[in-house]
file query02.pdb (PDB, C-alpha atoms and all ligand atoms)
ATOM      1  CA  MET F   1      67.636-131.854-106.183
ATOM      2  CA  ALA F   2      65.353-132.549-109.153
ATOM      3  CA  LYS F   3      66.658-131.399-112.480
ATOM      4  CA  VAL F   4      64.825-131.141-115.778
ATOM      5  CA  LYS F   5      66.191-131.225-119.265
ATOM      6  CA  PHE F   6      64.428-129.729-122.281
ATOM      7  CA  THR F   7      65.611-130.621-125.765
ATOM      8  CA  ILE F   8      63.934-128.351-128.293
ATOM      9  CA  ILE F   9      63.651-129.441-131.912
ATOM     10  CA  THR F  10      63.291-126.296-133.979
ATOM     11  CA  LEU F  11      64.254-124.515-137.171
ATOM     12  CA  PHE F  12      64.565-121.241-135.260
ATOM     13  CA  GLN F  13      66.927-121.780-132.371
ATOM     14  CA  ASP F  14      67.981-118.107-132.518
ATOM     15  CA  ALA F  15      64.456-117.058-131.580
ATOM     16  CA  LEU F  16      64.535-119.204-128.426
ATOM     17  CA  ALA F  17      68.079-118.982-127.077
ATOM     18  CA  PRO F  18      67.993-115.375-125.775
ATOM     19  CA  TYR F  19      64.943-115.944-123.586
ATOM     20  CA  LEU F  20      66.310-119.166-122.128
ATOM     21  CA  SER F  21      69.572-117.479-121.170
ATOM     22  CA  THR F  22      67.905-114.527-119.432
ATOM     23  CA  SER F  23      66.513-113.866-115.956
ATOM     24  CA  MET F  24      64.865-116.826-114.205
ATOM     25  CA  MET F  25      65.627-119.355-116.953
ATOM     26  CA  TRP F  26      69.286-118.335-116.748
ATOM     27  CA  LYS F  27      69.130-118.686-112.965
ATOM     28  CA  ALA F  28      67.573-122.158-113.253
ATOM     29  CA  THR F  29      70.391-123.198-115.598
ATOM     30  CA  LYS F  30      73.095-121.713-113.391
ATOM     31  CA  ASN F  31      71.656-123.490-110.332
ATOM     32  CA  ASN F  32      71.561-126.788-112.221
ATOM     33  CA  ILE F  33      67.777-127.042-111.979
ATOM     34  CA  ALA F  34      67.138-126.866-115.736
ATOM     35  CA  GLU F  35      69.150-127.614-118.840
ATOM     36  CA  PHE F  36      68.198-126.484-122.324
ATOM     37  CA  SER F  37      69.530-127.793-125.589
ATOM     38  CA  PHE F  38      68.540-127.417-129.222
ATOM     39  CA  VAL F  39      68.345-129.785-132.133
ATOM     40  CA  ASP F  40      68.210-128.133-135.556
ATOM     41  CA  LEU F  41      65.552-129.927-137.565
ATOM     42  CA  ARG F  42      67.301-128.740-140.739
ATOM     43  CA  ASP F  43      70.211-131.088-139.916
ATOM     44  CA  PHE F  44      67.790-133.954-140.610
ATOM     45  CA  GLY F  45      66.302-132.413-143.760
ATOM     46  CA  LEU F  46      66.137-134.224-147.075
ATOM     47  CA  GLY F  47      68.097-133.610-150.263
ATOM     48  CA  PRO F  48      70.449-130.816-151.176
ATOM     49  CA  HIS F  49      68.069-128.218-149.732
ATOM     50  CA  LYS F  50      67.655-130.116-146.452
ATOM     51  CA  SER F  51      63.922-129.950-146.970
ATOM     52  CA  VAL F  52      61.694-130.628-143.941
ATOM     53  CA  ASP F  53      58.249-129.999-145.421
ATOM     54  CA  ASP F  54      56.057-130.840-148.397
ATOM     55  CA  THR F  55      52.577-130.323-149.834
ATOM     56  CA  PRO F  56      49.592-132.252-148.431
ATOM     57  CA  TYR F  57      48.261-135.338-150.235
ATOM     58  CA  GLY F  58      44.763-134.647-151.516
ATOM     59  CA  GLY F  59      45.566-130.989-152.049
ATOM     60  CA  GLY F  60      45.122-127.958-149.869
ATOM     61  CA  ASP F  61      47.008-124.870-148.868
ATOM     62  CA  GLY F  62      50.391-124.713-147.294
ATOM     63  CA  MET F  63      53.144-127.090-146.403
ATOM     64  CA  LEU F  64      53.310-129.859-143.841
ATOM     65  CA  LEU F  65      56.228-131.001-141.724
ATOM     66  CA  ARG F  66      57.419-134.323-143.159
ATOM     67  CA  CYS F  67      57.851-137.499-141.149
ATOM     68  CA  GLU F  68      61.445-138.385-142.044
ATOM     69  CA  PRO F  69      63.301-135.424-140.477
ATOM     70  CA  VAL F  70      61.122-135.465-137.352
ATOM     71  CA  PHE F  71      61.453-139.224-136.796
ATOM     72  CA  ALA F  72      65.218-139.046-137.378
ATOM     73  CA  ALA F  73      65.670-136.161-134.924
ATOM     74  CA  ILE F  74      63.598-137.764-132.165
ATOM     75  CA  GLU F  75      65.158-141.199-132.661
ATOM     76  CA  LYS F  76      68.609-139.646-132.357
ATOM     77  CA  ILE F  77      67.739-137.916-129.080
ATOM     78  CA  LYS F  78      66.093-141.080-127.748
ATOM     79  CA  GLN F  79      69.183-143.128-128.533
ATOM     80  CA  ASP F  80      70.891-141.219-125.723
ATOM     81  CA  ASP F  81      67.834-141.099-123.458
ATOM     82  CA  PRO F  82      64.988-143.513-124.257
ATOM     83  CA  THR F  83      62.988-142.160-121.301
ATOM     84  CA  ALA F  84      62.611-138.669-122.820
ATOM     85  CA  LYS F  85      58.992-137.646-123.364
ATOM     86  CA  VAL F  86      57.827-135.739-126.437
ATOM     87  CA  ILE F  87      55.651-132.635-126.145
ATOM     88  CA  LEU F  88      53.988-131.253-129.274
ATOM     89  CA  PRO F  89      52.535-127.737-129.116
ATOM     90  CA  THR F  90      49.412-127.767-131.276
ATOM     91  CA  PRO F  91      46.108-125.887-131.219
ATOM     92  CA  ALA F  92      44.462-129.334-131.125
ATOM     93  CA  GLY F  93      46.090-130.272-127.814
ATOM     94  CA  GLN F  94      45.013-130.240-124.188
ATOM     95  CA  ILE F  95      44.749-126.688-122.863
ATOM     96  CA  TRP F  96      47.911-125.692-120.987
ATOM     97  CA  CYS F  97      46.583-124.574-117.640
ATOM     98  CA  GLN F  98      48.076-124.217-114.184
ATOM     99  CA  SER F  99      46.841-127.565-112.849
ATOM    100  CA  LEU F 100      48.415-129.389-115.816
ATOM    101  CA  ILE F 101      51.654-127.444-115.359
ATOM    102  CA  ARG F 102      51.689-128.462-111.696
ATOM    103  CA  GLN F 103      51.396-132.124-112.772
ATOM    104  CA  PHE F 104      54.490-131.736-114.951
ATOM    105  CA  ALA F 105      56.404-130.019-112.130
ATOM    106  CA  GLU F 106      55.415-132.787-109.711
ATOM    107  CA  LYS F 107      56.611-135.493-112.090
ATOM    108  CA  ILE F 108      59.945-133.670-112.353
ATOM    109  CA  GLU F 109      60.220-133.237-108.576
ATOM    110  CA  SER F 110      59.527-136.934-108.014
ATOM    111  CA  GLN F 111      62.005-137.717-110.822
ATOM    112  CA  GLU F 112      59.348-139.756-112.573
ATOM    113  CA  GLU F 113      60.094-137.695-115.698
ATOM    114  CA  ASN F 114      63.125-135.491-116.185
ATOM    115  CA  HIS F 115      63.659-135.015-119.909
ATOM    116  CA  PHE F 116      61.212-133.449-122.342
ATOM    117  CA  ILE F 117      61.671-133.098-126.076
ATOM    118  CA  ILE F 118      59.610-130.216-127.419
ATOM    119  CA  LEU F 119      58.938-130.502-131.123
ATOM    120  CA  CYS F 120      58.231-127.090-132.648
ATOM    121  CA  PRO F 121      56.180-127.491-135.822
ATOM    122  CA  HIS F 122      56.151-124.765-138.417
ATOM    123  CA  TYR F 123      54.338-124.228-141.680
ATOM    124  CA  GLU F 124      50.631-125.069-141.862
ATOM    125  CA  GLY F 125      50.902-128.268-139.873
ATOM    126  CA  TYR F 126      52.472-131.696-139.670
ATOM    127  CA  ASP F 127      52.004-135.159-141.133
ATOM    128  CA  GLU F 128      49.547-136.993-138.886
ATOM    129  CA  ARG F 129      51.947-139.933-138.476
ATOM    130  CA  ILE F 130      54.212-137.704-136.393
ATOM    131  CA  LEU F 131      51.668-138.048-133.574
ATOM    132  CA  THR F 132      52.801-141.658-133.028
ATOM    133  CA  LEU F 133      55.962-140.170-131.476
ATOM    134  CA  VAL F 134      54.176-137.744-129.192
ATOM    135  CA  ASP F 135      53.418-138.224-125.488
ATOM    136  CA  TYR F 136      51.724-134.894-124.803
ATOM    137  CA  GLN F 137      49.862-132.587-127.202
ATOM    138  CA  VAL F 138      49.335-129.183-125.631
ATOM    139  CA  SER F 139      47.532-126.053-126.746
ATOM    140  CA  LEU F 140      48.262-122.608-125.407
ATOM    141  CA  GLY F 141      44.693-121.491-126.086
ATOM    142  CA  HIS F 142      42.001-121.040-128.661
ATOM    143  CA  PHE F 143      44.086-119.207-131.217
ATOM    144  CA  VAL F 144      46.599-120.192-133.860
ATOM    145  CA  LEU F 145      50.272-119.227-133.941
ATOM    146  CA  THR F 146      52.710-119.590-136.828
ATOM    147  CA  GLY F 147      54.855-122.147-135.041
ATOM    148  CA  GLY F 148      55.714-123.983-131.854
ATOM    149  CA  GLU F 149      58.511-121.699-130.666
ATOM    150  CA  LEU F 150      56.438-119.317-128.524
ATOM    151  CA  PRO F 151      54.475-122.219-126.999
ATOM    152  CA  ALA F 152      57.774-123.978-126.242
ATOM    153  CA  LEU F 153      59.006-120.961-124.273
ATOM    154  CA  ILE F 154      55.733-120.661-122.391
ATOM    155  CA  ILE F 155      55.653-124.378-121.583
ATOM    156  CA  ILE F 156      59.236-124.281-120.292
ATOM    157  CA  ASP F 157      58.867-121.052-118.307
ATOM    158  CA  SER F 158      55.646-122.119-116.635
ATOM    159  CA  ILE F 159      57.108-125.474-115.528
ATOM    160  CA  VAL F 160      60.536-124.236-114.471
ATOM    161  CA  ARG F 161      59.190-121.434-112.238
ATOM    162  CA  LEU F 162      57.485-124.096-110.105
ATOM    163  CA  LEU F 163      60.661-126.092-109.468
ATOM    164  CA  PRO F 164      62.229-125.659-106.018
ATOM    165  CA  GLY F 165      65.034-123.095-106.016
ATOM    166  CA  VAL F 166      63.926-121.059-109.034
ATOM    167  CA  LEU F 167      61.704-118.423-107.423
ATOM    168  CA  GLY F 168      63.901-118.154-104.349
ATOM    169  CA  GLY F 169      62.245-115.087-102.883
ATOM    170  CA  GLU F 170      58.686-116.214-103.325
ATOM    171  CA  SER F 171      56.908-118.269-100.700
ATOM    172  CA  SER F 172      55.750-121.690-101.788
ATOM    173  CA  ALA F 173      52.270-120.686-100.669
ATOM    174  CA  ILE F 174      52.143-118.038-103.357
ATOM    175  CA  ILE F 175      53.410-120.471-105.946
ATOM    176  CA  GLU F 176      50.843-123.004-104.769
ATOM    177  CA  SER F 177      47.985-120.535-104.970
ATOM    178  CA  PHE F 178      48.847-119.863-108.596
ATOM    179  CA  SER F 179      48.954-123.552-109.325
ATOM    180  CA  GLU F 180      45.346-124.337-108.647
ATOM    181  CA  GLY F 181      43.988-122.506-111.638
ATOM    182  CA  ASN F 182      41.351-120.614-109.663
ATOM    183  CA  THR F 183      43.746-118.109-108.233
ATOM    184  CA  ILE F 184      42.486-115.187-106.262
ATOM    185  CA  GLU F 185      44.556-112.013-106.371
ATOM    186  CA  TYR F 186      44.397-108.725-104.517
ATOM    187  CA  PRO F 187      45.763-105.325-105.528
ATOM    188  CA  GLN F 188      49.393-104.782-104.565
ATOM    189  CA  TYR F 189      51.507-101.635-104.264
ATOM    190  CA  THR F 190      55.147-100.709-103.768
ATOM    191  CA  LYS F 191      56.926 -97.386-103.094
ATOM    192  CA  PRO F 192      56.134 -94.528-103.355
ATOM    193  CA  ALA F 193      53.083 -94.379-101.073
ATOM    194  CA  ASP F 194      51.788 -91.419-103.083
ATOM    195  CA  PHE F 195      52.368 -91.352-106.824
ATOM    196  CA  ARG F 196      50.918 -88.290-108.561
ATOM    197  CA  GLY F 197      48.158 -88.145-106.017
ATOM    198  CA  MET F 198      47.312 -91.850-106.313
ATOM    199  CA  LYS F 199      47.654 -93.057-102.741
ATOM    200  CA  VAL F 200      48.323 -96.553-101.449
ATOM    201  CA  PRO F 201      45.429 -97.604 -99.168
ATOM    202  CA  GLU F 202      46.247 -96.459 -95.626
ATOM    203  CA  VAL F 203      45.712 -99.893 -94.093
ATOM    204  CA  LEU F 204      48.619-101.363 -96.085
ATOM    205  CA  LEU F 205      50.976 -98.818 -94.504
ATOM    206  CA  SER F 206      49.687 -99.535 -90.998
ATOM    207  CA  GLY F 207      51.805-102.605 -90.215
ATOM    208  CA  HIS F 208      48.675-104.178 -88.719
ATOM    209  CA  HIS F 209      48.827-107.729 -90.065
ATOM    210  CA  GLY F 210      45.275-108.677 -89.098
ATOM    211  CA  LYS F 211      43.762-105.630 -90.802
ATOM    212  CA  ILE F 212      45.975-106.079 -93.856
ATOM    213  CA  LYS F 213      44.838-109.690 -94.185
ATOM    214  CA  GLU F 214      41.203-108.601 -93.856
ATOM    215  CA  TRP F 215      41.675-105.858 -96.480
ATOM    216  CA  ARG F 216      43.325-108.279 -98.895
ATOM    217  CA  GLU F 217      40.552-110.828 -98.454
ATOM    218  CA  SER F 218      37.885-108.223 -99.071
ATOM    219  CA  HIS F 219      39.681-106.991-102.213
ATOM    220  CA  GLN F 220      40.243-110.367-103.830
ATOM    221  CA  ARG F 221      39.475-110.621-107.502
ATOM    222  CA  PRO F 222      39.432-113.706-109.655
ATOM    223  CA  SER F 223      42.440-114.171-111.902
ATOM    224  CA  GLN F 224      42.218-114.697-115.642
ATOM    225  CA  SER F 225      43.238-118.348-115.362
TER     226      SER F 225
HETATM  227  N1  LIG A   1      50.747-123.878-132.551
HETATM  228  C1  LIG A   1      49.990-123.004-133.244
HETATM  229  N2  LIG A   1      49.033-122.497-132.470
HETATM  230  C2  LIG A   1      49.191-123.043-131.235
HETATM  231  C3  LIG A   1      48.513-122.921-130.001
HETATM  232  N3  LIG A   1      47.459-122.134-129.834
HETATM  233  N4  LIG A   1      48.956-123.651-128.968
HETATM  234  C4  LIG A   1      50.000-124.471-129.112
HETATM  235  N5  LIG A   1      50.671-124.635-130.235
HETATM  236  C5  LIG A   1      50.273-123.930-131.300
END
call {"tool": "encode", "arguments": {"input": "query02.pdb", "output": "structure tokens", "more": "lines below"}}
Ligand code: ADE
result
Amino acid sequence: MAKVKFTIITLFQDALAPYLSTSMMWKATKNNIAEFSFVDLRDFGLGPHKSVDDTPYGGGDGMLLRCEPVFAAIEKIKQDDPTAKVILPTPAGQIWCQSLIRQFAEKIESQEENHFIILCPHYEGYDERILTLVDYQVSLGHFVLTGGELPALIIIDSIVRLLPGVLGGESSAIIESFSEGNTIEYPQYTKPADFRGMKVPEVLLSGHHGKIKEWRESHQRPSQS
């Protein structure tokens, strides 16, 4: 079975670890489908303060991630696995959408790629030369976050849920429909059939598969993707 490894370079491992050891990500780890590890960028920092950032040449606000710690961290990881690919979350990247996620999942399933290093920048940005290390620049959307940790979790979660054996109960058809980016959804209900006077449409209680299918088709709505 295909297995994927994510090595996350971050200054804030504590912000990431709980999510990756909970629910479906925990299940993926337990079932040997995904493996998560952390590299503390601070370990590669410079000087007595283990500094990882500095001010931009030419002036300007804020601090930039320096080259030396990032190159050292990635080179160390690549010593053990030269095939690992580097993902950089950045607002300047390619928009992370379901069809792109599917491409990543397919590469993992075909074992073309099975190890991703996610570099989580912080501060106002990074030294441009860091991009020479990067295979994929991805953006979560047209907004700016304070760092790469939340994008890293979203990137991981959205890939791992597509790997066989993670969403055990869900049919591959459902997974597939979400992967095309133009998903159609219909309203869904669970028990009770009457909640405070809000009733589940009768047809869904009927057990009549043909009519249910028809109702669902006529109540499709475009997803936000
Ligand atoms: N880092 C800061 N903002 C981001 C965004 N929108 N997507 C990915 N990485 C980011």
call {"tool": "atom_distance", "arguments": {"input": "query02.pdb", "atom1": "CA of Gly148 in chain F", "atom2": "CA of Gly165 in chain F"}}
result
27.5 Å
call {"tool": "residues_near_ligand", "arguments": {"input": "query02.pdb", "ligand": "ligand LIG 1 (chain A)", "cutoff": "6 Å", "atoms": "all atoms listed in the file", "output": "PyMOL selection string"}}
result
chain F and resi 89-91+138-148+151
call {"tool": "resolve_selection", "arguments": {"input": "query02.pdb", "expression": "the PyMOL selection byres (((chain F and resi 219) around 10) and not hetatm)", "output": "JSON, numbers by chain"}}
result
{"F": [184, 185, 186, 187, 213, 214, 215, 216, 217, 218, 220, 221]}
call {"tool": "write_last_selection", "arguments": {"input": "query02.pdb", "atoms": "C-alpha atoms", "output": "CSV table (one decimal), in the coordinates of the input"}}
result
chain,number,residue,atom,x,y,z
F,184,ILE,CA,42.5,-115.2,-106.3
F,185,GLU,CA,44.6,-112.0,-106.4
F,186,TYR,CA,44.4,-108.7,-104.5
F,187,PRO,CA,45.8,-105.3,-105.5
F,213,LYS,CA,44.8,-109.7,-94.2
F,214,GLU,CA,41.2,-108.6,-93.9
F,215,TRP,CA,41.7,-105.9,-96.5
F,216,ARG,CA,43.3,-108.3,-98.9
F,217,GLU,CA,40.6,-110.8,-98.5
F,218,SER,CA,37.9,-108.2,-99.1
F,220,GLN,CA,40.2,-110.4,-103.8
F,221,ARG,CA,39.5,-110.6,-107.5
call {"tool": "closest_residue", "arguments": {"input": "query02.pdb", "among": "F:Glu124, F:Asp40, F:Asp194, F:Glu68", "to": "Gln13 in chain F", "atoms": "all atoms listed in the file"}}
result
F:Asp40
call {"tool": "closest_residue", "arguments": {"input": "query02.pdb", "among": "F:Trp96, F:Phe44, F:Tyr19, F:Phe38", "to": "Phe116 in chain F", "atoms": "all atoms listed in the file"}}
result
F:Phe38
call {"tool": "atom_distance", "arguments": {"input": "query02.pdb", "atom1": "CA of Gln103 in chain F", "atom2": "CA of Arg161 in chain F"}}
result
13.2 Å
call {"tool": "resolve_selection", "arguments": {"input": "query02.pdb", "expression": "the PyMOL selection byres (((chain F and resi 129) around 12) and not hetatm)", "output": "list in words"}}
result
Leu64, Leu65, Arg66, Cys67, Glu68, Val70, Phe71, Gly125, Tyr126, Asp127, Glu128, Ile130, Leu131, Thr132, Leu133 and Val134 of chain F
call {"tool": "atom_distance", "arguments": {"input": "query02.pdb", "atom1": "CA of Phe195 in chain F", "atom2": "CA of His209 in chain F"}}
result
23.7 Å
call {"tool": "residues_around", "arguments": {"input": "query02.pdb", "residues": "Lys5 in chain F", "least_positions_apart": "2", "cutoff": "12 Å", "atoms": "all atoms listed in the file", "output": "PyMOL selection string"}}
result
chain F and resi 2-3+7-8+28-29+32-38+77+81+83-86+108+111+113-118+156+159-160
call {"tool": "closest_residue", "arguments": {"input": "query02.pdb", "among": "F:Leu167, F:Val4, F:Ala15, F:Cys120", "to": "Lys27 in chain F", "atoms": "only C-alpha atoms"}}
result
F:Leu167
call {"tool": "closest_residue", "arguments": {"input": "query02.pdb", "among": "F:Glu202, F:Asp135, F:Glu149, F:Glu106", "to": "Leu163 in chain F", "atoms": "all atoms listed in the file"}}
result
F:Glu106
call {"tool": "closest_residue", "arguments": {"input": "query02.pdb", "among": "F:Gly168, F:Lys211, F:Tyr136, F:Val200", "to": "Leu100 in chain F", "atoms": "all atoms listed in the file"}}
result
F:Tyr136
call {"tool": "closest_residue", "arguments": {"input": "query02.pdb", "among": "F:Glu109, F:Ala73, F:Lys199, F:Gly62", "to": "Thr10 in chain F", "atoms": "only C-alpha atoms"}}
result
F:Ala73
call {"tool": "decode", "arguments": {"input": "query02.pdb", "residues": "range 121-220 of chain F", "atoms": "C-alpha atoms", "output": "PDB file, in the first residue's frame"}}
result
ATOM      1  CA  PRO F 121       7.918  30.342   6.739  1.00  0.00           C
ATOM      2  CA  HIS F 122       7.204  32.867   9.437  1.00  0.00           C
ATOM      3  CA  TYR F 123       7.822  36.565   9.841  1.00  0.00           C
ATOM      4  CA  GLU F 124       7.139  38.858   6.880  1.00  0.00           C
ATOM      5  CA  GLY F 125       8.624  36.540   4.295  1.00  0.00           C
ATOM      6  CA  TYR F 126      11.720  34.699   3.162  1.00  0.00           C
ATOM      7  CA  ASP F 127      14.941  35.382   1.287  1.00  0.00           C
ATOM      8  CA  GLU F 128      14.211  34.863  -2.406  1.00  0.00           C
ATOM      9  CA  ARG F 129      17.144  32.445  -2.759  1.00  0.00           C
ATOM     10  CA  ILE F 130      15.221  29.916  -0.676  1.00  0.00           C
ATOM     11  CA  LEU F 131      13.025  29.326  -3.737  1.00  0.00           C
ATOM     12  CA  THR F 132      15.911  27.466  -5.417  1.00  0.00           C
ATOM     13  CA  LEU F 133      15.173  24.620  -2.973  1.00  0.00           C
ATOM     14  CA  VAL F 134      11.445  24.524  -3.595  1.00  0.00           C
ATOM     15  CA  ASP F 135       9.569  22.119  -5.881  1.00  0.00           C
ATOM     16  CA  TYR F 136       6.032  23.351  -5.246  1.00  0.00           C
ATOM     17  CA  GLN F 137       4.832  26.793  -4.127  1.00  0.00           C
ATOM     18  CA  VAL F 138       1.219  26.642  -3.007  1.00  0.00           C
ATOM     19  CA  SER F 139      -1.259  29.252  -1.852  1.00  0.00           C
ATOM     20  CA  LEU F 140      -4.302  28.493   0.238  1.00  0.00           C
ATOM     21  CA  GLY F 141      -6.156  31.473  -1.221  1.00  0.00           C
ATOM     22  CA  HIS F 142      -6.172  35.189  -1.741  1.00  0.00           C
ATOM     23  CA  PHE F 143      -5.419  36.174   1.823  1.00  0.00           C
ATOM     24  CA  VAL F 144      -2.320  36.379   3.971  1.00  0.00           C
ATOM     25  CA  LEU F 145      -1.606  34.331   7.089  1.00  0.00           C
ATOM     26  CA  THR F 146       1.122  34.894   9.668  1.00  0.00           C
ATOM     27  CA  GLY F 147       2.943  31.682   8.831  1.00  0.00           C
ATOM     28  CA  GLY F 148       2.987  28.374   7.010  1.00  0.00           C
ATOM     29  CA  GLU F 149       1.696  26.193   9.843  1.00  0.00           C
ATOM     30  CA  LEU F 150      -2.033  26.374   9.056  1.00  0.00           C
ATOM     31  CA  PRO F 151      -1.384  25.867   5.324  1.00  0.00           C
ATOM     32  CA  ALA F 152       0.815  22.867   6.173  1.00  0.00           C
ATOM     33  CA  LEU F 153      -2.041  21.233   8.088  1.00  0.00           C
ATOM     34  CA  ILE F 154      -4.512  21.936   5.303  1.00  0.00           C
ATOM     35  CA  ILE F 155      -2.146  20.619   2.631  1.00  0.00           C
ATOM     36  CA  ILE F 156      -1.530  17.419   4.606  1.00  0.00           C
ATOM     37  CA  ASP F 157      -5.169  16.822   5.559  1.00  0.00           C
ATOM     38  CA  SER F 158      -6.470  17.370   2.050  1.00  0.00           C
ATOM     39  CA  ILE F 159      -3.947  14.934   0.528  1.00  0.00           C
ATOM     40  CA  VAL F 160      -4.133  12.242   3.195  1.00  0.00           C
ATOM     41  CA  ARG F 161      -7.952  11.983   3.124  1.00  0.00           C
ATOM     42  CA  LEU F 162      -7.706  10.907  -0.526  1.00  0.00           C
ATOM     43  CA  LEU F 163      -5.311   8.026   0.141  1.00  0.00           C
ATOM     44  CA  PRO F 164      -6.858   4.540   0.096  1.00  0.00           C
ATOM     45  CA  GLY F 165      -7.733   3.302   3.580  1.00  0.00           C
ATOM     46  CA  VAL F 166      -8.112   6.680   5.290  1.00  0.00           C
ATOM     47  CA  LEU F 167     -11.812   7.405   4.770  1.00  0.00           C
ATOM     48  CA  GLY F 168     -12.795   3.773   5.200  1.00  0.00           C
ATOM     49  CA  GLY F 169     -16.530   4.340   5.389  1.00  0.00           C
ATOM     50  CA  GLU F 170     -16.801   6.676   2.456  1.00  0.00           C
ATOM     51  CA  SER F 171     -17.303   5.400  -1.065  1.00  0.00           C
ATOM     52  CA  SER F 172     -14.576   6.245  -3.530  1.00  0.00           C
ATOM     53  CA  ALA F 173     -17.258   7.795  -5.715  1.00  0.00           C
ATOM     54  CA  ILE F 174     -17.901  10.435  -3.094  1.00  0.00           C
ATOM     55  CA  ILE F 175     -14.206  11.085  -2.707  1.00  0.00           C
ATOM     56  CA  GLU F 176     -13.884  11.295  -6.481  1.00  0.00           C
ATOM     57  CA  SER F 177     -16.745  13.746  -6.813  1.00  0.00           C
ATOM     58  CA  PHE F 178     -15.016  16.065  -4.369  1.00  0.00           C
ATOM     59  CA  SER F 179     -11.790  15.790  -6.284  1.00  0.00           C
ATOM     60  CA  GLU F 180     -12.930  17.385  -9.486  1.00  0.00           C
ATOM     61  CA  GLY F 181     -13.264  20.859  -8.083  1.00  0.00           C
ATOM     62  CA  ASN F 182     -16.750  21.419  -9.489  1.00  0.00           C
ATOM     63  CA  THR F 183     -18.488  19.354  -6.888  1.00  0.00           C
ATOM     64  CA  ILE F 184     -22.227  19.264  -6.723  1.00  0.00           C
ATOM     65  CA  GLU F 185     -23.788  18.695  -3.314  1.00  0.00           C
ATOM     66  CA  TYR F 186     -27.322  18.076  -2.130  1.00  0.00           C
ATOM     67  CA  PRO F 187     -28.849  18.674   1.299  1.00  0.00           C
ATOM     68  CA  GLN F 188     -28.381  15.782   3.712  1.00  0.00           C
ATOM     69  CA  TYR F 189     -30.120  14.873   6.968  1.00  0.00           C
ATOM     70  CA  THR F 190     -29.693  12.405   9.811  1.00  0.00           C
ATOM     71  CA  LYS F 191     -31.891  11.462  12.801  1.00  0.00           C
ATOM     72  CA  PRO F 192     -34.227  12.741  14.134  1.00  0.00           C
ATOM     73  CA  ALA F 193     -36.708  12.973  11.248  1.00  0.00           C
ATOM     74  CA  ASP F 194     -38.392  15.902  13.000  1.00  0.00           C
ATOM     75  CA  PHE F 195     -36.250  18.361  14.925  1.00  0.00           C
ATOM     76  CA  ARG F 196     -38.214  21.201  16.526  1.00  0.00           C
ATOM     77  CA  GLY F 197     -40.719  21.055  13.731  1.00  0.00           C
ATOM     78  CA  MET F 198     -38.074  21.049  10.986  1.00  0.00           C
ATOM     79  CA  LYS F 199     -38.909  17.905   9.050  1.00  0.00           C
ATOM     80  CA  VAL F 200     -36.679  15.800   6.828  1.00  0.00           C
ATOM     81  CA  PRO F 201     -38.188  15.688   3.308  1.00  0.00           C
ATOM     82  CA  GLU F 202     -40.610  12.749   3.158  1.00  0.00           C
ATOM     83  CA  VAL F 203     -39.016  11.231   0.064  1.00  0.00           C
ATOM     84  CA  LEU F 204     -35.738  10.601   1.920  1.00  0.00           C
ATOM     85  CA  LEU F 205     -37.603   8.455   4.460  1.00  0.00           C
ATOM     86  CA  SER F 206     -39.397   6.485   1.746  1.00  0.00           C
ATOM     87  CA  GLY F 207     -36.669   3.939   0.974  1.00  0.00           C
ATOM     88  CA  HIS F 208     -37.460   4.458  -2.716  1.00  0.00           C
ATOM     89  CA  HIS F 209     -33.997   4.646  -4.270  1.00  0.00           C
ATOM     90  CA  GLY F 210     -35.143   5.957  -7.650  1.00  0.00           C
ATOM     91  CA  LYS F 211     -37.139   8.810  -6.113  1.00  0.00           C
ATOM     92  CA  ILE F 212     -34.343   9.621  -3.674  1.00  0.00           C
ATOM     93  CA  LYS F 213     -31.862   9.843  -6.544  1.00  0.00           C
ATOM     94  CA  GLU F 214     -34.252  12.101  -8.467  1.00  0.00           C
ATOM     95  CA  TRP F 215     -34.772  14.338  -5.407  1.00  0.00           C
ATOM     96  CA  ARG F 216     -31.032  14.620  -4.821  1.00  0.00           C
ATOM     97  CA  GLU F 217     -30.388  15.507  -8.451  1.00  0.00           C
ATOM     98  CA  SER F 218     -33.061  18.179  -8.405  1.00  0.00           C
ATOM     99  CA  HIS F 219     -31.655  19.662  -5.174  1.00  0.00           C
ATOM    100  CA  GLN F 220     -28.026  19.833  -6.234  1.00  0.00           C
TER     101      GLN F 220
END
